[in-house]
Amino acid sequence: MEICSTNENVSKCSSNTMSMECFMVLSTPAQKIGITVLCCFFGILCIFENSLVLYLIFSSIKIRRKPSYVFISSLALADLLASIIFVVSFVKFHVFKVTDSKDIFLLKLGAVNTSFTASLGSLLLMALDRYVCICRPSEYKIIITKKAALVALAVLWMTTMVIAFLPLMGWNCCTLNSTCSELFPFVDDKYLSGWISLVMILLVCIIYAYMHVLWKAHKHTAYMEKHQTQAVQQNAKMRLDVTLAKTLAIVLTVLMVCWSPVLALMTYSVFVNLNNRIKKVFAFCSTLCLVNSMVNPIVYALRSRELRSSLRNACSWCRKKLKIPGSSQEVDSIQKLSTIGTVCEDAGCSTDWPQLKSEL
């Protein structure tokens with residue numbers, strides 16, 4: 001690895017080839033084992049959770065025709081693909097030191113970028129869905145239809161694929177004979193800067209949408225408190241704005257913890273030459289994106305009462321098939337409770353604000 005101590009070996013591409021060993025920064029068995037354990041553990045959980053979410057959504061006709069769950073299914077699909085492609089590619093490259101040609105490597109990198117960018121894009125569409133539901137409830141059913149949701153997702157996935165595969169289509173440092181990134185082989189520094197800017201714009205838009213939802217909920221709660229009796233206020237389980245604040249804190253914490261270290265190191269690499277220690281830190285921080293894909297189903301999907309009810313039905317059905325005593329009565333009781341609403345019901349976005357707190 002001494003030949004990689006200077007940046008001349010990684011800053012230029014010669015005849016469509018690069019010294020890939022300069023990017024394989026995990027040098028000790030402990031580091032390789034650590035990365036393997038993290039990737040396998042988070043990857044398996046991510047695959048299981050997102051597969052479960054997709055099954056629960058598409059196994060229910062009532063759930064899958066709602067725009068909110070169309071967005072959630074896109075998020076789950078993106079996270080599922082990201083977990084599979086990222087884990088396989090990352091472990092093969094850093095642990096087993098398997099190298100590919102330039103085109104194959106950029107193809108895999110494009111697939112990973114597509115999945116993670118589509119995941120963030122799906123989060124943005126979900127934030128906009130809640131924004132319209134809260135701020136313009138009477139027009140929700142007109143604005144957010146299943147057709148509109150599918151069109152938005154089609155545009156999202158096509159756009160992310162085009163952006164992610166730009167290096168494969170020619171925007172790479174070998175084709176342009178430009179400065180290469182010190183973190184990703186064959187990737188042009190200007191392309192990396194553009195991708196960082198795109199991700200930061202997505203994160204800012206997500207934060208703004210949820211902050212506006214919280215502000216709107218706070219205003220509504222203050223208005224309702226002026227017109228409700230003291231008895232009604234005492235019977236309320238929790239203020240809507242307090243509940244939303246807690247959920248918003250979870251959303252922002254997950255996003256910032258999982259994406260800030262990676263984005264910060266990527267931005268730093270554009271302006272400053274990196275040593276192997278920083279590259280090793282980046283390799284471990286990259287697994288935080290996998291953690292985000294693992295946490296997303298819990299924060300956005302499995303907290304939904306309707307999906308939890310569907311999950312209980314599925315578990316009870318399995319118990320019934322396995323002939324576990326008492327499962328038949330449990331199935332009947334759960335089916336009676338399976339009509340719990342979500343944020344945006346079939347009749348439009350609910351105007352009963354207290355009922356929204358468990359979904360936002």
# chains A, B, ... in the order shown; residues from 1 in each chain; ligands from 1
>>> closest_atom_pairs(of="region 244-335 of chain A", to="region 172-179 of chain A", cutoff="12 Å", atoms="only C-alpha atoms", output="Markdown table")
| residue | atom | partner | partner_atom | distance |
| --- | --- | --- | --- | --- |
| A:Ser269 | CA | A:Thr179 | CA | 11.9 |
| A:Val270 | CA | A:Thr179 | CA | 9.9 |
| A:Phe271 | CA | A:Thr179 | CA | 11.7 |
| A:Asn273 | CA | A:Thr179 | CA | 11.9 |
>>> write_last_selection(atoms="C-alpha atoms", output="mmCIF file, in the first residue's frame")
data_model
loop_
_atom_site.group_PDB
_atom_site.id
_atom_site.type_symbol
_atom_site.label_atom_id
_atom_site.label_comp_id
_atom_site.auth_asym_id
_atom_site.auth_seq_id
_atom_site.Cartn_x
_atom_site.Cartn_y
_atom_site.Cartn_z
ATOM 1 C CA SER A 269 -12.412 14.754 -0.262
ATOM 2 C CA VAL A 270 -13.294 17.178 -3.059
ATOM 3 C CA PHE A 271 -11.143 19.945 -1.554
ATOM 4 C CA ASN A 273 -6.206 15.162 -0.185
#
>>> residues_around(residues="Ser293 (chain A)", least_positions_apart="5", cutoff="9 Å", atoms="only C-alpha atoms", output="list in words")
Phe42, Gly43, Cys46, Asn50, Leu75, Ala76, Ala78, Asp79, Leu80, Ala82, Ser83, Phe116, Ser119 and Leu288 of chain A
>>> atom_distance(atom1="CA of Arg319 (chain A)", atom2="CA of Phe48 (chain A)")
19.5 Å
>>> residues_around(residues="region 31-34 of chain A", least_positions_apart="4", cutoff="12 Å", atoms="only C-alpha atoms", output="PyMOL selection string")
chain A and resi 24-27+38-41+90-97+277+280-281+283-284+287
>>> write_last_selection(atoms="N, CA and C atoms", output="short mmCIF file (atom, residue, chain, number, x, y, z; two decimals), in the first residue's frame")
data_model
loop_
_atom_site.label_atom_id
_atom_site.label_comp_id
_atom_site.auth_asym_id
_atom_site.auth_seq_id
_atom_site.Cartn_x
_atom_site.Cartn_y
_atom_site.Cartn_z
N MET A 24 -8.59 0.03 -1.70
CA MET A 24 -8.84 -1.06 -0.74
C MET A 24 -8.09 -0.76 0.54
N VAL A 25 -8.71 0.04 1.39
CA VAL A 25 -8.01 0.63 2.54
C VAL A 25 -8.07 -0.23 3.80
N LEU A 26 -8.85 -1.30 3.78
CA LEU A 26 -8.92 -2.16 4.96
C LEU A 26 -7.73 -3.10 4.95
N SER A 27 -6.81 -2.87 5.86
CA SER A 27 -5.53 -3.59 5.80
C SER A 27 -5.40 -4.71 6.82
N LEU A 38 -20.75 -5.98 10.19
CA LEU A 38 -21.69 -4.86 10.10
C LEU A 38 -22.57 -4.99 8.85
N CYS A 39 -21.95 -5.25 7.73
CA CYS A 39 -22.70 -5.34 6.48
C CYS A 39 -23.68 -6.51 6.50
N CYS A 40 -23.24 -7.66 6.97
CA CYS A 40 -24.11 -8.84 7.00
C CYS A 40 -25.27 -8.65 7.99
N PHE A 41 -24.96 -8.12 9.17
CA PHE A 41 -26.00 -7.94 10.19
C PHE A 41 -27.05 -6.94 9.73
N PHE A 90 -19.74 -4.10 -1.71
CA PHE A 90 -18.83 -3.53 -0.72
C PHE A 90 -17.94 -4.60 -0.11
N VAL A 91 -18.53 -5.72 0.26
CA VAL A 91 -17.75 -6.80 0.89
C VAL A 91 -16.80 -7.43 -0.13
N LYS A 92 -17.25 -7.65 -1.34
CA LYS A 92 -16.38 -8.24 -2.36
C LYS A 92 -15.17 -7.34 -2.63
N PHE A 93 -15.38 -6.04 -2.67
CA PHE A 93 -14.30 -5.12 -3.00
C PHE A 93 -13.34 -4.92 -1.83
N HIS A 94 -13.87 -4.60 -0.64
CA HIS A 94 -13.01 -4.23 0.47
C HIS A 94 -12.48 -5.43 1.26
N VAL A 95 -13.23 -6.50 1.31
CA VAL A 95 -12.83 -7.65 2.12
C VAL A 95 -12.12 -8.70 1.27
N PHE A 96 -12.75 -9.09 0.16
CA PHE A 96 -12.17 -10.14 -0.68
C PHE A 96 -11.29 -9.57 -1.80
N LYS A 97 -11.28 -8.23 -1.91
CA LYS A 97 -10.42 -7.53 -2.89
C LYS A 97 -10.64 -8.04 -4.31
N ARG A 277 -6.16 6.76 6.70
CA ARG A 277 -6.97 6.72 7.92
C ARG A 277 -8.35 7.29 7.67
N LYS A 280 -10.42 4.92 5.64
CA LYS A 280 -10.95 3.82 6.45
C LYS A 280 -12.18 4.28 7.22
N VAL A 281 -12.12 5.50 7.75
CA VAL A 281 -13.29 6.04 8.45
C VAL A 281 -14.48 6.13 7.50
N ALA A 283 -15.04 4.28 4.90
CA ALA A 283 -15.54 2.92 4.62
C ALA A 283 -16.51 2.46 5.69
N PHE A 284 -16.17 2.73 6.96
CA PHE A 284 -17.07 2.33 8.05
C PHE A 284 -18.31 3.21 8.10
N THR A 287 -21.42 2.33 5.97
CA THR A 287 -22.41 1.36 6.45
C THR A 287 -23.59 2.06 7.13
#
>>> atom_distance(atom1="CA of Met266 (chain A)", atom2="CA of Pro167 (chain A)")
16.7 Å
>>> closest_residue(among="A:Met20, A:Leu302, A:Cys315, A:Ile278", to="Val98 (chain A)", atoms="only C-alpha atoms")
A:Met20
>>> atom_distance(atom1="CA of Leu77 (chain A)", atom2="CA of Leu265 (chain A)")
27.1 Å
>>> residues_around(residues="Ser122 (chain A)", least_positions_apart="3", cutoff="7 Å", atoms="only C-alpha atoms", output="NGL selection string")
:A and (71 or 74-75 or 118-119 or 125-126)
>>> closest_residue(among="A:Leu322, A:Leu56, A:Leu248, A:Leu290", to="His212 (chain A)", atoms="only C-alpha atoms")
A:Leu248
>>> residues_around(residues="Leu124 (chain A)", least_positions_apart="3", cutoff="8 Å", atoms="only C-alpha atoms", output="VMD selection string")
chain A and resid 120 to 121 127 to 128 202 to 203 205 to 206
>>> write_last_selection(atoms="all heavy atoms", output="CSV table (one decimal), in the first residue's frame")
chain,number,residue,atom,x,y,z
A,120,LEU,N,-34.0,8.2,-0.8
A,120,LEU,CA,-34.1,9.6,-0.4
A,120,LEU,C,-35.3,10.3,-1.1
A,120,LEU,O,-36.0,11.1,-0.6
A,120,LEU,CB,-32.8,10.4,-0.5
A,120,LEU,CG,-31.7,10.0,0.5
A,120,LEU,CD1,-30.4,10.8,0.1
A,120,LEU,CD2,-32.1,10.3,1.9
A,121,GLY,N,-35.3,10.1,-2.4
A,121,GLY,CA,-36.4,10.7,-3.2
A,121,GLY,C,-37.8,10.2,-2.8
A,121,GLY,O,-38.8,11.0,-2.7
A,127,ALA,N,-42.8,12.9,2.4
A,127,ALA,CA,-42.9,14.2,3.2
A,127,ALA,C,-43.9,15.1,2.5
A,127,ALA,O,-44.7,15.8,3.2
A,127,ALA,CB,-41.5,14.8,3.3
A,128,LEU,N,-43.9,15.2,1.2
A,128,LEU,CA,-44.8,16.1,0.4
A,128,LEU,C,-46.2,15.5,0.6
A,128,LEU,O,-47.2,16.3,0.6
A,128,LEU,CB,-44.4,16.1,-1.0
A,128,LEU,CG,-43.0,16.8,-1.3
A,128,LEU,CD1,-42.7,16.7,-2.8
A,128,LEU,CD2,-43.1,18.3,-0.9
A,202,LEU,N,-32.2,17.2,-1.5
A,202,LEU,CA,-33.3,16.3,-1.1
A,202,LEU,C,-33.5,16.3,0.4
A,202,LEU,O,-34.6,16.4,0.9
A,202,LEU,CB,-32.9,14.9,-1.5
A,202,LEU,CG,-33.0,14.6,-3.0
A,202,LEU,CD1,-32.5,13.2,-3.3
A,202,LEU,CD2,-34.4,14.8,-3.6
A,203,LEU,N,-32.4,16.3,1.2
A,203,LEU,CA,-32.4,16.3,2.6
A,203,LEU,C,-33.1,17.6,3.1
A,203,LEU,O,-33.9,17.6,4.0
A,203,LEU,CB,-31.1,16.1,3.3
A,203,LEU,CG,-30.4,14.7,3.1
A,203,LEU,CD1,-29.0,14.7,3.6
A,203,LEU,CD2,-31.3,13.7,3.8
A,205,CYS,N,-35.1,19.6,1.5
A,205,CYS,CA,-36.6,19.6,1.2
A,205,CYS,C,-37.4,18.7,2.1
A,205,CYS,O,-38.5,19.1,2.5
A,205,CYS,CB,-36.8,19.2,-0.2
A,205,CYS,SG,-36.2,20.3,-1.5
A,206,ILE,N,-36.8,17.6,2.5
A,206,ILE,CA,-37.5,16.7,3.5
A,206,ILE,C,-37.6,17.4,4.8
A,206,ILE,O,-38.7,17.4,5.4
A,206,ILE,CB,-36.7,15.4,3.6
A,206,ILE,CG1,-36.7,14.6,2.3
A,206,ILE,CG2,-37.3,14.5,4.8
A,206,ILE,CD1,-35.8,13.4,2.3
